[in-house]
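J.: Below is the file structure-v4.txt, with compact mmCIF, C-alpha atoms.
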```
# COMPACT_ATOMS: atom_id res chain seq x y z
CA SER A 1 10.47 -38.37 -5.36
CA ASP A 2 9.46 -36.18 -2.43
CA THR A 3 5.85 -36.88 -1.47
CA THR A 4 5.82 -34.63 1.61
CA PHE A 5 3.25 -31.96 0.88
CA TRP A 6 2.63 -30.62 4.41
CA THR A 7 4.49 -31.04 7.68
CA MET A 8 3.83 -29.95 11.24
CA ASP A 9 5.87 -26.87 12.24
CA GLY A 10 7.18 -28.49 15.44
CA SER A 11 5.37 -26.10 17.75
CA ASP A 12 2.49 -26.88 20.08
CA ALA A 13 0.23 -24.76 17.86
CA GLY A 14 -0.13 -27.55 15.29
CA ASN A 15 0.47 -25.32 12.25
CA LEU A 16 0.86 -26.93 8.85
CA VAL A 17 3.83 -25.93 6.71
CA PRO A 18 3.89 -26.56 2.93
CA GLY A 19 6.62 -28.94 1.74
CA THR A 20 7.98 -26.28 -0.67
CA THR A 21 7.60 -22.53 -1.06
CA SER A 22 6.06 -22.98 -4.51
CA THR A 23 2.89 -24.57 -3.11
CA GLY A 24 -0.27 -23.10 -1.71
CA ILE A 25 -3.92 -23.86 -0.95
CA TYR A 26 -6.71 -24.06 -3.52
CA LEU A 27 -9.77 -22.33 -2.11
CA GLY A 28 -13.38 -23.09 -3.02
CA VAL A 29 -12.64 -25.80 -5.60
CA ASN A 30 -11.96 -29.52 -5.63
CA SER A 31 -9.56 -29.41 -8.58
CA ALA A 32 -6.50 -27.26 -9.19
CA THR A 33 -7.34 -23.98 -10.92
CA ALA A 34 -4.81 -21.13 -10.96
CA ALA A 35 -7.44 -18.52 -10.13
CA ASN A 36 -8.20 -20.25 -6.82
CA LEU A 37 -4.63 -20.81 -5.64
CA LEU A 38 -3.60 -18.86 -2.54
CA ASN A 39 0.19 -19.08 -2.42
CA ASP A 40 1.18 -15.65 -1.11
CA TYR A 41 0.33 -14.03 2.21
CA GLU A 42 2.50 -11.50 3.97
CA GLU A 43 2.19 -8.68 6.48
CA GLY A 44 4.64 -6.19 7.86
CA ASP A 45 5.79 -2.60 8.23
CA TRP A 46 6.70 -0.01 5.60
CA THR A 47 8.14 3.47 5.94
CA PRO A 48 6.23 6.24 4.17
CA THR A 49 8.30 9.21 3.00
CA MET A 50 7.63 12.46 1.18
CA GLU A 51 9.64 13.86 -1.73
CA THR A 52 9.36 17.60 -2.29
CA GLY A 53 11.83 18.27 -5.07
CA GLY A 54 13.43 20.71 -2.62
CA SER A 55 14.52 20.42 0.99
CA ASN A 56 13.88 17.16 2.81
CA PRO A 57 11.09 17.29 5.38
CA SER A 58 11.55 16.27 9.00
CA TYR A 59 9.06 13.71 10.32
CA THR A 60 7.04 13.79 13.52
CA THR A 61 5.13 10.59 12.67
CA GLN A 62 6.23 8.10 10.04
CA HIS A 63 4.56 4.67 10.22
CA GLY A 64 3.01 2.19 7.81
CA ARG A 65 1.62 -1.36 7.98
CA TYR A 66 0.54 -3.67 5.17
CA VAL A 67 -1.16 -6.99 4.48
CA LYS A 68 -0.63 -8.71 1.12
CA VAL A 69 -2.90 -11.55 0.00
CA GLY A 70 -2.05 -12.76 -3.48
CA ARG A 71 -1.65 -9.61 -5.59
CA VAL A 72 -3.85 -7.40 -3.40
CA VAL A 73 -2.00 -5.15 -0.96
CA HIS A 74 -3.82 -3.28 1.80
CA VAL A 75 -1.81 -0.40 3.27
CA TYR A 76 -2.29 1.78 6.32
CA MET A 77 -0.19 4.88 6.87
CA GLN A 78 0.23 7.68 9.39
CA LEU A 79 2.56 10.45 8.32
CA GLU A 80 3.25 13.89 9.77
CA TYR A 81 6.08 16.11 8.60
CA THR A 82 7.19 19.71 8.49
CA SER A 83 7.94 21.17 5.09
CA SER A 84 7.46 24.53 3.43
CA SER A 85 7.94 23.28 -0.13
CA SER A 86 5.20 24.15 -2.58
CA ASN A 87 6.54 21.83 -5.28
CA THR A 88 4.36 18.95 -6.39
CA GLY A 89 4.70 16.21 -3.81
CA GLN A 90 5.36 12.55 -4.34
CA TRP A 91 4.73 10.21 -1.43
CA ASN A 92 7.04 7.16 -1.45
CA GLY A 93 7.83 3.87 0.22
CA LEU A 94 4.89 1.60 -0.61
CA PRO A 95 5.85 -1.99 0.26
CA PHE A 96 5.25 -3.23 -3.33
CA ASN A 97 5.04 -1.56 -6.72
CA ALA A 98 1.52 -0.90 -7.99
CA SER A 99 0.48 -2.86 -11.07
CA ASN A 100 0.71 -1.28 -14.51
CA GLU A 101 -2.95 -2.22 -14.94
CA ILE A 102 -3.71 1.29 -13.72
CA SER A 103 -2.51 2.69 -17.05
CA GLY A 104 -5.11 0.58 -18.86
CA ASN A 105 -8.78 0.24 -18.01
CA MET A 106 -8.48 0.06 -14.25
CA GLU A 107 -7.69 3.03 -12.04
CA GLN A 108 -6.35 2.35 -8.56
CA PHE A 109 -6.86 4.91 -5.85
CA GLY A 110 -7.36 5.23 -2.13
CA VAL A 111 -8.73 7.78 0.33
CA LEU A 112 -6.60 9.93 2.61
CA TYR A 113 -7.62 12.14 5.55
CA ASP A 114 -5.72 14.76 7.49
CA ASP A 115 -6.14 16.27 10.98
CA ARG A 116 -8.25 19.15 9.67
CA ASN A 117 -10.96 16.74 8.42
CA THR A 118 -12.08 19.43 5.98
CA THR A 119 -11.18 17.68 2.74
CA THR A 120 -11.05 14.08 1.60
CA TYR A 121 -8.17 13.38 -0.74
CA MET A 122 -7.78 10.75 -3.44
CA VAL A 123 -4.52 8.84 -3.57
CA LEU A 124 -3.40 7.98 -7.11
CA PHE A 125 -1.00 5.03 -7.30
CA SER A 126 1.72 5.24 -9.96
CA ALA A 127 2.05 2.32 -12.41
CA ASN A 128 5.04 0.04 -11.79
CA ALA A 129 6.22 2.21 -8.90
CA ASP A 130 6.21 2.39 -5.09
CA HIS A 131 4.84 5.93 -4.84
CA PHE A 132 1.58 7.86 -5.11
CA TYR A 133 0.25 11.36 -5.64
CA ILE A 134 -2.63 13.16 -3.91
CA ARG A 135 -5.55 15.20 -5.29
CA PRO A 136 -8.55 16.69 -3.46
CA GLN A 137 -11.61 14.45 -3.96
CA GLY A 138 -13.86 15.69 -6.74
CA ASP A 139 -10.90 17.41 -8.45
CA MET A 140 -9.45 14.54 -10.46
CA SER A 141 -8.56 16.79 -13.39
CA GLY A 142 -7.18 19.58 -11.21
CA SER A 143 -3.75 20.08 -9.76
CA LEU A 144 -1.99 17.65 -7.46
CA ALA A 145 -1.66 18.42 -3.77
CA THR A 146 1.65 19.87 -2.63
CA PRO A 147 3.70 19.00 0.46
CA SER A 148 2.85 22.37 2.01
CA ASP A 149 -0.87 21.40 1.90
CA PHE A 150 -0.15 18.85 4.64
CA SER A 151 2.74 20.40 6.54
CA GLY A 152 2.21 19.81 10.26
CA GLN A 153 -0.90 17.69 9.65
CA LYS A 154 -1.14 13.99 10.49
CA MET A 155 -2.06 12.21 7.27
CA LYS A 156 -3.97 8.91 7.53
CA LEU A 157 -4.27 6.52 4.63
CA ASN A 158 -6.20 3.26 4.28
CA ALA A 159 -6.07 1.88 0.77
CA SER A 160 -5.81 -1.27 -1.30
CA TYR A 161 -4.06 -1.72 -4.62
CA ILE A 162 -2.99 -4.49 -6.96
CA THR A 163 0.71 -5.21 -7.21
CA THR A 164 2.73 -6.56 -10.11
```
If you took the structure in this file and wrote it as structure tokens, what would it be?
T.:
Amino acid sequence: SDTTFWTMDGSDAGNLVPGTTSTGIYLGVNSATAANLLNDYEEGDWTPTMETGGSNPSYTTQHGRYVKVGRVVHVYMQLEYTSSSSNTGQWNGLPFNASNEISGNMEQFGVLYDDRNTTTYMVLFSANADHFYIRPQGDMSGSLATPSDFSGQKMKLNASYITT
């Protein structure tokens, strides 16, 4: 049987590498409990896009970064586009689908700002999907924001959500 649990990565940095990809590190305990196992960490880029239901927008700025620890994903986005569509907008491209837990007892949302800094917007993540919708803060029962609400504005998003 293979008893190699950790190996050195061969670099001068002295990093430890798990023997298999199905292993991780138990944090804060001295016995194996699933709730304390950290076996997934990832970071990278993602490309935010906007869907208008009409003509495709052109982008001036289109950048996203993420960090995923376990099932928690933290996303950062900057997006600026030109669009005259007044259809309900759907913003796409999240690096992982949001959990369906949002359709139960837990709502997942983030905060979004634009260049005007006149309104704070709530980002509503869609269950089992890689997209979100936007509503003005304090107007959770009102209408969704449209692409034309942000046309020519640099949108900035910092949010965390739980993935599937």
J.: Go through A:Thr119, A:Ser99, A:Thr61, A:Asn128 one by one, measure the shortest atom-to-atom distance of each to Tyr161 in chain A using only C-alpha atoms, and give the residue with the smallest value.
T.: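 Result for the nearest residue to Tyr161 in chain A: A:Ser99.
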J.: Contacts of range 92-96 of chain A at 7 Å or less, counting only C-alpha atoms, minus same-chain residues fewer than 5 places along, as a list in words?
T.: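 So, after excluding close chain neighbours, the residues are Trp46, Thr47, Pro48, Thr49, Met50, Asp130, His131, Phe132 and Thr163 of chain A.
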J.: What is the CA of Leu157 in chain A-CA of Tyr76 in chain A distance in Å, reported with one decimal?
T.: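 Interatomic distance here is 5.4 Å.
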J.: How many Å separate CA of Ile25 in chain A from CA of Ile162 in chain A?
T.: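 For CA of Ile25 in chain A relative to CA of Ile162 in chain A, the distance reads 20.3 Å.
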J.: Just give me the gap between CA of Gln62 in chain A and CA of Met155 in chain A in Å, one decimal is fine.
T.: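 Value for the CA of Gln62 in chain A-CA of Met155 in chain A distance: 9.7 Å.
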J.: Fewer than 5 positions away in the same chain doesn't count, so skip those; otherwise give me all residues within 9 Å of Ser58 in chain A, counting only C-alpha atoms, as a list of chain:residue names.
T.: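 Result of the neighbour search: A:Glu80, A:Tyr81, A:Thr82, A:Ser83.
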J.: Near Gln137 in chain A, counting all atoms listed in the file, which residues have an atom at most 6 Å away, once you skip same-chain residues fewer than 5 positions from it, shown as a PyMOL selection string?
T.: chain A and resi 120-122
J.: Restrict the selected residues to C-alpha atoms and save them as an mmCIF file, in the frame of the given file.
T.:
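After the write, selection-v7.cif holds the following:
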```cif
data_model
loop_
_atom_site.group_PDB
_atom_site.id
_atom_site.type_symbol
_atom_site.label_atom_id
_atom_site.label_comp_id
_atom_site.auth_asym_id
_atom_site.auth_seq_id
_atom_site.Cartn_x
_atom_site.Cartn_y
_atom_site.Cartn_z
ATOM 1 C CA THR A 120 -11.050 14.080 1.600
ATOM 2 C CA TYR A 121 -8.170 13.380 -0.740
ATOM 3 C CA MET A 122 -7.780 10.750 -3.440
#
```
J.: Find the spatial neighbours of Met77 in chain A, counting only C-alpha atoms, within a cut-off of 7 Å - ignore same-chain residues fewer than 2 positions away - and output them as a compact mmCIF listing (two decimals) with C-alpha atoms, keeping the file's coordinate frame.
T.:
```txt
# COMPACT_ATOMS: atom_id res chain seq x y z
CA HIS A 63 4.56 4.67 10.22
CA GLY A 64 3.01 2.19 7.81
CA ARG A 65 1.62 -1.36 7.98
CA VAL A 75 -1.81 -0.40 3.27
CA LEU A 79 2.56 10.45 8.32
CA LYS A 156 -3.97 8.91 7.53
CA LEU A 157 -4.27 6.52 4.63
CA ASN A 158 -6.20 3.26 4.28
```
J.: Considering all atoms listed in the file, return as a list in words whatever protein or nucleic-acid residues lie within 10 Å of Gln90 in chain A, sequence-local ones (same chain, fewer than 2 positions apart) excluded.
T.: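 Those residues are Thr49, Met50, Glu51, Thr52, Gly53, Asn87, Thr88, Asn92, Ser126, His131, Phe132, Tyr133, Ile134, Leu144, Ala145, Thr146 and Pro147 of chain A.
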J.: So, counting only C-alpha atoms, which residue among A:Asn56, A:Asn100, A:Val67, A:Asp149 is closest to Asp115 in chain A?
T.: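 Answer, going by the shortest atom-to-atom distance: A:Asp149.
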J.: Rank nothing, just name the residue among A:Gly28, A:Gly110, A:Pro18, A:Gly70 nearest to Asp40 in chain A, using only C-alpha atoms.
T.: A:Gly70
J.: Could you tell me which of A:Tyr59, A:Tyr26, A:Phe150, A:Tyr41 comes closest to Asp114 in chain A if we count all atoms listed in the file?
T.: A:Phe150
